[in-house]
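Enquirer: Following this line is query39.cif, made up of mmCIF, C-alpha atoms:
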data_work
#
loop_
_atom_site.label_atom_id
_atom_site.label_comp_id
_atom_site.auth_asym_id
_atom_site.auth_seq_id
_atom_site.Cartn_x
_atom_site.Cartn_y
_atom_site.Cartn_z
CA MET A 21 49.66 182.04 87.27
CA SER A 22 53.03 180.45 86.46
CA LYS A 23 55.26 182.01 83.80
CA SER A 24 55.16 178.86 81.63
CA LYS A 25 51.35 178.74 81.73
CA LYS A 26 51.15 182.44 80.91
CA ARG A 27 53.50 182.02 77.94
CA LYS A 28 51.44 179.08 76.70
CA GLU A 29 48.20 181.11 76.86
CA GLU A 30 49.85 184.07 75.09
CA LYS A 31 51.10 181.73 72.35
CA THR A 32 47.61 180.23 71.90
CA THR A 33 46.03 183.70 71.72
CA ARG A 34 48.61 184.83 69.16
CA LYS A 35 47.91 181.77 66.96
CA ARG A 36 44.18 182.45 67.08
CA LYS A 37 44.75 186.06 66.04
CA GLU A 38 47.02 184.98 63.18
CA LEU A 39 44.40 182.49 61.98
CA ALA A 40 41.66 185.12 62.19
CA ALA A 41 43.79 187.53 60.16
CA ALA A 42 44.51 184.90 57.51
CA ILE A 43 40.82 184.03 57.22
CA GLY A 44 39.98 187.72 56.85
CA ILE A 45 42.35 187.94 53.87
CA ALA A 46 40.77 184.84 52.35
CA LEU A 47 37.27 186.25 52.58
CA ALA A 48 38.38 189.34 50.71
CA LEU A 49 40.76 187.87 48.14
CA ALA A 50 40.60 184.12 47.84
CA PHE A 51 37.67 181.89 47.00
CA VAL A 52 34.89 179.77 48.34
CA PHE A 53 33.78 176.40 47.14
CA LEU A 54 30.41 174.97 47.95
CA ALA A 55 28.97 171.52 47.66
CA VAL A 56 25.38 171.82 46.52
CA LEU A 57 24.22 168.34 47.37
CA PRO A 58 20.74 166.80 47.37
CA ARG A 59 19.41 165.41 50.61
CA VAL A 60 20.39 161.85 51.49
CA LYS A 61 17.35 159.73 50.72
CA GLU A 62 15.60 157.40 53.14
CA ASP A 63 15.86 153.64 52.57
CA ALA A 64 13.85 152.66 49.50
CA ARG A 65 10.63 150.68 49.95
CA PHE A 66 9.57 147.79 47.71
CA VAL A 67 6.78 145.19 47.57
CA ASP A 68 7.86 141.56 47.57
CA GLY A 69 6.04 138.70 45.85
CA GLY A 70 3.76 138.19 48.83
CA GLY A 71 2.58 141.80 48.85
CA THR A 72 4.66 142.69 51.91
CA VAL A 73 6.25 146.13 52.00
CA ALA A 74 9.87 145.91 53.08
CA ALA A 75 12.79 148.28 53.39
CA GLN A 76 15.66 148.00 50.95
CA GLU A 77 19.02 148.78 52.45
CA ALA A 78 21.36 151.15 50.64
CA ILE A 79 24.51 149.48 49.34
CA GLY A 80 26.57 152.65 49.11
CA ARG A 81 26.57 156.25 47.99
CA HIS A 82 26.56 158.05 44.69
CA PRO A 83 30.22 158.80 43.88
CA LEU A 84 29.55 162.50 43.27
CA THR A 85 26.63 163.53 45.47
CA GLY A 86 26.80 161.15 48.43
CA VAL A 87 23.11 160.24 48.04
CA SER A 88 22.31 156.68 49.14
CA VAL A 89 22.11 154.23 46.24
CA TYR A 90 20.52 150.78 46.03
CA GLU A 91 22.42 149.43 43.04
CA GLU A 92 25.96 149.87 41.76
CA VAL A 93 26.60 153.26 40.14
CA ALA A 94 29.53 153.64 37.75
CA PRO A 95 31.30 157.01 37.92
CA PRO A 96 29.32 159.18 35.48
CA GLN A 97 30.76 161.71 33.04
CA VAL A 98 31.08 165.11 34.72
CA PHE A 99 30.47 168.50 33.08
CA GLY A 100 32.15 171.65 34.38
CA VAL A 101 30.53 174.88 33.17
CA MET A 102 32.02 178.37 33.60
CA ILE A 103 29.21 180.52 34.98
CA ASP A 104 29.01 184.31 34.60
CA ASN A 105 28.42 186.13 37.89
CA HIS A 106 28.43 189.71 36.59
CA VAL A 107 25.38 191.66 37.72
CA ASP A 108 24.18 191.78 34.08
CA ALA A 109 24.08 187.97 34.11
CA TRP A 110 21.56 187.82 36.98
CA PRO A 111 19.36 185.84 37.35
CA GLN A 112 21.32 182.81 36.21
CA ALA A 113 20.12 179.32 35.32
CA GLY A 114 21.03 175.84 36.55
CA ILE A 115 23.36 176.57 39.47
CA ASP A 116 20.77 175.29 41.94
CA ASN A 117 21.04 171.85 40.29
CA ALA A 118 24.85 171.61 40.44
CA PHE A 119 26.32 169.04 42.82
CA LEU A 120 29.46 171.12 43.35
CA VAL A 121 30.44 174.73 42.64
CA PHE A 122 33.78 176.52 42.88
CA GLU A 123 33.70 180.32 43.13
CA ALA A 124 36.78 182.48 42.64
CA PRO A 125 37.58 186.10 41.72
CA VAL A 126 38.41 187.18 38.18
CA GLU A 127 39.03 190.70 36.86
CA ALA A 128 37.86 193.66 38.97
CA GLY A 129 37.29 191.30 41.91
CA ILE A 130 34.03 190.03 40.40
CA SER A 131 33.60 186.34 41.09
CA ARG A 132 33.00 183.63 38.52
CA MET A 133 31.78 180.09 39.16
CA LEU A 134 32.62 176.63 37.91
CA ALA A 135 29.43 174.58 38.33
CA PHE A 136 29.53 170.79 38.05
CA PHE A 137 26.80 168.52 36.70
CA TYR A 138 26.83 164.87 35.65
CA GLU A 139 25.46 162.81 32.79
CA GLY A 140 21.90 161.68 33.48
CA GLN A 141 20.82 164.87 35.24
CA GLU A 142 17.97 166.80 33.61
CA VAL A 143 19.16 170.41 33.60
CA GLU A 144 17.70 172.15 30.55
CA LYS A 145 19.40 175.54 30.89
CA ILE A 146 22.80 176.38 32.39
CA GLY A 147 24.45 179.77 32.26
CA PRO A 148 25.21 182.39 31.21
CA VAL A 149 28.43 180.63 30.17
CA ARG A 150 31.61 182.73 30.22
CA SER A 151 35.32 182.46 29.48
CA ALA A 152 38.04 180.23 30.93
CA ARG A 153 40.67 181.13 33.52
CA PRO A 154 43.73 178.94 34.33
CA TYR A 155 42.98 178.11 37.97
CA PHE A 156 39.50 176.79 37.16
CA LEU A 157 41.15 174.17 34.95
CA ASP A 158 42.86 172.64 37.99
CA TRP A 159 39.51 172.11 39.71
CA ASN A 160 37.81 170.92 36.52
CA ASN A 161 40.45 168.34 35.64
CA GLU A 162 40.44 166.64 39.03
CA LEU A 163 37.01 165.34 37.99
CA ASP A 164 37.96 164.49 34.37
CA ALA A 165 35.15 166.87 33.50
CA LEU A 166 34.16 168.21 30.10
CA TYR A 167 35.04 171.91 30.41
CA ALA A 168 32.35 174.13 28.82
CA HIS A 169 33.28 177.79 28.27
CA VAL A 170 33.22 180.70 25.79
CA GLY A 171 36.81 181.54 24.88
CA GLY A 172 39.18 182.48 27.66
CA SER A 173 42.31 184.32 28.72
CA ASN A 174 45.47 183.62 26.70
CA ALA A 175 46.98 181.72 29.63
CA ALA A 176 43.89 179.50 29.98
CA LEU A 177 43.65 178.79 26.24
CA ASP A 178 47.35 177.93 26.09
CA LEU A 179 46.91 175.44 28.94
CA ILE A 180 43.92 173.87 27.22
CA ALA A 181 45.87 173.60 23.94
CA SER A 182 48.73 171.85 25.74
CA GLY A 183 46.40 168.93 26.51
CA GLY A 184 44.93 167.37 29.64
CA THR A 185 41.55 169.14 29.42
CA PHE A 186 38.45 167.61 27.81
CA ASP A 187 37.40 170.88 26.17
CA LEU A 188 34.14 172.31 24.83
CA ASN A 189 34.76 175.87 23.62
CA GLN A 190 31.70 177.69 22.22
CA TYR A 191 33.95 179.58 19.80
CA TRP A 192 34.53 176.40 17.78
CA LEU A 193 31.53 174.24 18.78
CA ASP A 194 28.62 176.64 18.74
CA SER A 195 25.94 173.99 18.11
CA TYR A 196 26.28 172.76 21.72
CA PHE A 197 25.30 176.21 23.03
CA TRP A 198 22.70 178.84 22.24
CA ARG A 199 22.30 182.59 22.70
CA SER A 200 19.30 184.10 24.44
CA HIS A 201 17.66 187.02 22.62
CA SER A 202 16.48 188.45 25.94
CA ARG A 203 20.06 189.20 27.09
CA TYR A 204 22.91 191.28 25.73
CA ALA A 205 26.24 189.68 24.81
CA PRO A 206 28.46 188.50 26.41
CA HIS A 207 25.96 187.58 29.13
CA ASN A 208 23.63 185.49 26.96
CA VAL A 209 25.27 182.11 26.17
CA TYR A 210 23.69 178.93 27.58
CA THR A 211 24.08 175.17 27.38
CA SER A 212 22.38 172.12 28.91
CA VAL A 213 23.29 168.68 30.22
CA GLU A 214 21.63 167.17 27.14
CA ARG A 215 23.76 169.18 24.69
CA MET A 216 26.96 168.44 26.56
CA SER A 217 26.03 164.75 26.66
CA GLN A 218 25.53 164.85 22.87
CA TYR A 219 29.06 166.17 22.44
CA VAL A 220 30.49 163.43 24.67
CA ALA A 221 28.55 160.79 22.69
CA ALA A 222 29.91 162.16 19.41
CA ARG A 223 33.46 162.03 20.71
CA LYS A 224 32.92 158.46 21.98
CA GLU A 225 31.84 157.39 18.51
CA GLN A 226 35.14 158.77 17.23
CA GLY A 227 36.99 156.79 19.91
CA ARG A 228 38.35 159.99 21.43
CA VAL A 229 36.92 159.75 24.95
CA SER A 230 38.15 157.48 27.73
CA GLU A 231 36.08 156.44 30.72
CA PRO A 232 36.20 159.02 33.54
CA LEU A 233 38.60 158.21 36.35
CA TYR A 234 38.41 160.46 39.39
CA GLU A 235 38.76 160.21 43.15
CA THR A 236 35.70 160.43 45.37
CA TRP A 237 35.08 162.13 48.69
CA SER A 238 33.71 160.67 51.93
CA PHE A 239 30.10 161.48 52.78
CA LYS A 240 27.93 161.38 55.87
CA ASP A 241 24.26 161.70 56.71
CA PRO A 242 23.14 165.19 57.75
CA ASP A 243 22.58 165.77 61.46
CA ILE A 244 18.90 165.68 62.42
CA GLN A 245 19.12 167.92 65.48
CA VAL A 246 21.53 170.81 65.16
CA GLU A 247 22.49 173.63 67.49
CA PRO A 248 24.10 176.18 65.14
CA GLN A 249 27.41 177.80 66.07
CA VAL A 250 27.71 180.02 62.98
CA GLU A 251 24.57 181.35 61.35
CA ARG A 252 26.08 183.61 58.67
CA ILE A 253 29.18 183.58 56.44
CA GLU A 254 30.19 186.59 54.34
CA LEU A 255 32.64 186.68 51.43
CA SER A 256 33.37 190.13 50.05
CA PHE A 257 34.66 189.82 46.50
CA TYR A 258 33.92 193.42 45.47
CA PRO A 259 31.44 195.17 47.77
CA PRO A 260 28.72 196.22 47.85
CA THR A 261 27.42 194.38 44.76
CA TYR A 262 29.66 191.32 44.80
CA VAL A 263 29.23 190.15 48.36
CA ALA A 264 28.30 186.50 48.83
CA GLU A 265 26.53 185.49 52.03
CA TRP A 266 25.58 182.09 53.31
CA LYS A 267 22.86 181.97 55.96
CA TYR A 268 22.28 178.80 57.91
CA ASP A 269 18.70 177.47 57.94
CA GLU A 270 18.07 175.34 61.02
CA THR A 271 14.88 173.82 59.63
CA THR A 272 16.61 172.30 56.59
CA ASN A 273 20.18 172.07 57.96
CA ARG A 274 21.37 173.84 54.81
CA TYR A 275 23.05 177.10 53.86
CA VAL A 276 21.11 179.56 51.68
CA ARG A 277 23.18 181.80 49.41
CA PHE A 278 22.57 185.55 49.14
CA GLN A 279 24.03 187.98 46.58
CA ALA A 280 24.01 191.74 47.18
CA GLY A 281 21.73 191.21 50.17
CA VAL A 282 19.02 189.17 48.43
CA ALA A 283 18.51 185.43 48.04
CA HIS A 284 20.45 184.02 45.08
CA THR A 285 17.52 182.99 42.89
CA MET A 286 17.56 181.37 39.47
CA GLU A 287 15.50 182.32 36.40
CA ASP A 288 12.93 179.65 37.27
CA GLY A 289 12.71 180.74 40.91
CA GLY A 290 14.99 178.05 42.38
CA GLU A 291 17.26 179.09 45.26
CA VAL A 292 20.93 178.18 45.64
CA MET A 293 21.47 176.12 48.79
CA ALA A 294 24.40 174.04 50.01
CA ASP A 295 25.00 171.27 52.52
CA ASN A 296 28.61 172.37 52.99
CA VAL A 297 30.50 175.62 52.46
CA ALA A 298 34.31 175.63 52.56
CA VAL A 299 36.52 178.72 52.53
CA VAL A 300 40.04 178.07 51.26
CA VAL A 301 42.94 180.38 52.16
CA THR A 302 45.49 180.57 49.36
CA ASP A 303 47.79 182.92 47.44
CA VAL A 304 46.09 185.32 45.02
CA ALA A 305 48.02 187.82 42.91
CA ILE A 306 46.96 190.41 40.31
CA LEU A 307 48.99 189.85 37.14
CA ASP A 308 48.31 192.86 34.92
CA GLY A 309 46.45 196.12 34.41
CA VAL A 310 43.35 194.26 33.26
CA GLY A 311 43.19 192.63 36.69
CA ARG A 312 43.73 189.00 35.71
CA ARG A 313 44.48 186.83 38.74
CA SER A 314 46.85 184.07 39.63
CA VAL A 315 45.37 181.69 42.23
CA ARG A 316 47.44 178.93 43.81
CA THR A 317 45.44 175.71 43.64
CA ILE A 318 48.15 173.10 44.28
CA GLY A 319 49.72 172.49 47.69
CA GLU A 320 48.03 173.11 50.99
CA GLY A 321 46.84 175.87 53.31
CA ILE A 322 44.26 176.93 55.85
CA ALA A 323 40.62 175.93 55.29
CA VAL A 324 37.44 176.68 57.20
CA VAL A 325 34.54 174.29 56.61
CA PHE A 326 30.96 175.10 57.57
CA ARG A 327 28.75 172.05 58.01
CA ASP A 328 25.70 171.26 60.15
CA GLY A 329 25.74 174.82 61.50
CA LYS A 330 29.27 174.33 62.82
CA LYS A 331 32.63 175.87 61.93
CA ILE A 332 35.54 173.45 61.48
CA GLU A 333 39.04 174.91 61.18
CA GLY A 334 41.55 172.80 59.33
CA THR A 335 43.61 172.53 56.17
CA TRP A 336 43.10 171.93 52.45
CA LYS A 337 45.41 169.80 50.31
CA LYS A 338 45.64 169.21 46.57
CA THR A 339 48.82 167.46 45.49
CA ALA A 340 48.40 167.63 41.69
CA GLN A 341 45.99 168.86 39.04
CA SER A 342 44.50 165.37 38.66
CA LYS A 343 44.09 164.89 42.43
CA ARG A 344 40.96 165.87 44.32
CA LEU A 345 40.97 168.85 46.64
CA ARG A 346 40.61 167.42 50.17
CA PHE A 347 39.95 168.84 53.63
CA TYR A 348 41.42 167.79 56.96
CA ASP A 349 40.67 168.79 60.56
#
Please, can you express the file's structure as structure tokens?
Expert:
Amino acid sequence: MSKSKKRKEEKTTRKRKELAAAIGIALALAFVFLAVLPRVKEDARFVDGGGTVAAQEAIGRHPLTGVSVYEEVAPPQVFGVMIDNHVDAWPQAGIDNAFLVFEAPVEAGISRMLAFFYEGQEVEKIGPVRSARPYFLDWNNELDALYAHVGGSNAALDLIASGGTFDLNQYWLDSYFWRSHSRYAPHNVYTSVERMSQYVAARKEQGRVSEPLYETWSFKDPDIQVEPQVERIELSFYPPTYVAEWKYDETTNRYVRFQAGVAHTMEDGGEVMADNVAVVVTDVAILDGVGRRSVRTIGEGIAVVFRDGKKIEGTWKKTAQSKRLRFYD
């Protein structure tokens, strides 16, 4: 083997090791985001005047879910809900109906989720709803989403007060939430798409809501025949209880989420599944003795995307709070 070829192979091996090390740090300290998307529907069927059944071709995709649509769909109002993931909050409600979820660590390494829904969905119970953290605002505001939460850290509340966030804080607007008598506080606050839609409607009547304006992603149809390369993804937030696993299901071409070794199941029995799981490597720092975190959301870094049973190594980029997080291979 020539010296130049040997040096090239050593350099490649070193880069792979550095990437593996960086990903290992991300799994322990950073965050995962998942796109919980419905299956792309088949072409619609309709009966014409002569009684003939014909196929209707899709004219595009839903701007948030990527599902095929057969008529124009205006960008709907989005709702971002802070979801409690403390063990006392299990089982939760509504996450299995979200079209997108961000998960990141808060105090003590326990993760919290920001689950996204849109106006027109029928999701009768979402929660338990918990408090705001600054970095979740960056992901919420890229979708012009109504941000539903119960209080928050001083830093998060100061950012909300400075403007730029369409806010729904249970502390001041309790009628758009309710407390369950079967749970102990603070793990017992819930909301629904209907209640959040009522708040948006009330603000529109006051002339205080503008039409949502957000960037969309590109979507593709799921692969029909898949040979999986990666069958399991593990993210250790605070083991052994707060370990998130994603297991690939060949039969559905989806990833099933597990928490603490068991399937992540909702109150009504629904399971959390995702079409895509992306792990983002970023800078995470502990700010104080309480354990509050600082998470870098703007800029770029390493990303690993899991889709169709495959692992795609690339980068993430988000250039401003109002810009969508994007992934590149």
Enquirer: Convert the output of the PyMOL selection byres ((chain A and resi 210-214) around 8) on the shown file into explicit residues, formatted as number ranges by chain.
Expert: A: 99, 137-149, 196-200, 208-209, 215-218
Enquirer: Quick one: apply the PyMOL selection byres ((chain A and resi 91) around 10) to the file and drop the selected residues here as a PyMOL selection string.
Expert: chain A and resi 78-82+88-90+92-94
Enquirer: Specify as a PyMOL selection string each residue included when the PyMOL selection byres ((chain A and resi 104) around 9) is applied to this file.
Expert: chain A and resi 102-103+105-110+112+131-133+147-151+207
Enquirer: Neighbours of range 166-168 of chain A within 8 Å (all atoms listed in the file; same-chain residues fewer than 6 positions away dropped), as a PDB file with C-alpha atoms, in the coordinates of the input?
Expert:
ATOM      1  CA  GLN A  97      30.760 161.710  33.040  1.00  0.00           C
ATOM      2  CA  VAL A  98      31.080 165.110  34.720  1.00  0.00           C
ATOM      3  CA  PHE A  99      30.470 168.500  33.080  1.00  0.00           C
ATOM      4  CA  GLY A 100      32.150 171.650  34.380  1.00  0.00           C
ATOM      5  CA  VAL A 101      30.530 174.880  33.170  1.00  0.00           C
ATOM      6  CA  MET A 102      32.020 178.370  33.600  1.00  0.00           C
ATOM      7  CA  VAL A 149      28.430 180.630  30.170  1.00  0.00           C
ATOM      8  CA  LEU A 157      41.150 174.170  34.950  1.00  0.00           C
ATOM      9  CA  ASN A 160      37.810 170.920  36.520  1.00  0.00           C
ATOM     10  CA  THR A 185      41.550 169.140  29.420  1.00  0.00           C
ATOM     11  CA  PHE A 186      38.450 167.610  27.810  1.00  0.00           C
ATOM     12  CA  ASP A 187      37.400 170.880  26.170  1.00  0.00           C
ATOM     13  CA  LEU A 188      34.140 172.310  24.830  1.00  0.00           C
ATOM     14  CA  ASN A 189      34.760 175.870  23.620  1.00  0.00           C
ATOM     15  CA  GLN A 190      31.700 177.690  22.220  1.00  0.00           C
TER      16      GLN A 190
END
Enquirer: Box for range 201-217 of chain A: with edges along x, y and z, all listed atoms inside and 6 Å added on each side, what are the centre and edge lengths in Å to one decimal, as lines of an AutoDock Vina configuration file?
Expert:
center_x = 22.5
center_y = 178.0
center_z = 26.4
size_x = 24.0
size_y = 38.5
size_z = 19.6
Enquirer: Find the residue from A:Gln245, A:Glu320, A:Leu193, A:Pro154 that sits nearest to Asp178 in chain A; use all atoms listed in the file when measuring.
Expert: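 The shortest atom-to-atom distance to Asp178 in chain A comes from A:Pro154.
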Enquirer: In Å to one decimal, how far is CA of Arg252 in chain A from CA of Val300 in chain A?
Expert: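 A separation of 16.7 Å between them.
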Enquirer: Between CA of Ile115 in chain A and CA of Phe278 in chain A, measure the distance and give it in Å to one decimal.
Expert: 13.2 Å
Enquirer: What is the distance, in Å and to one decimal place, between CA of Leu163 in chain A and CA of Trp192 in chain A?
Expert: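 Taking CA of Leu163 in chain A as the start and CA of Trp192 in chain A as the end point, the length is 23.2 Å.
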Enquirer: Skip Val310 in chain A itself and residues of its chain fewer than 6 positions away, then list as a ChimeraX atom specification all residues within 10 Å of it, counting all atoms listed in the file.
Expert: /A:126-128
Enquirer: So that I have them on file, write out the residues from the current selection with C-alpha atoms, as a PDB file, in the coordinates of the input.
Expert:
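File part_39.pdb, as written:
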ATOM      1  CA  VAL A 126      38.410 187.180  38.180  1.00  0.00           C
ATOM      2  CA  GLU A 127      39.030 190.700  36.860  1.00  0.00           C
ATOM      3  CA  ALA A 128      37.860 193.660  38.970  1.00  0.00           C
TER       4      ALA A 128
END
Enquirer: Looking at all atoms listed in the file, which of A:Val282, A:Arg312, A:Pro248, A:Tyr219 is the one that sits closest to Ser195 in chain A?
Expert: A:Tyr219
Enquirer: From the list A:Ala264, A:Leu307, A:Ile253, A:Leu345, which residue is nearest Val292 in chain A when using all atoms listed in the file?
Expert: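 Ranking A:Ala264, A:Leu307, A:Ile253, A:Leu345 by distance to Val292 in chain A, first place goes to A:Ala264.
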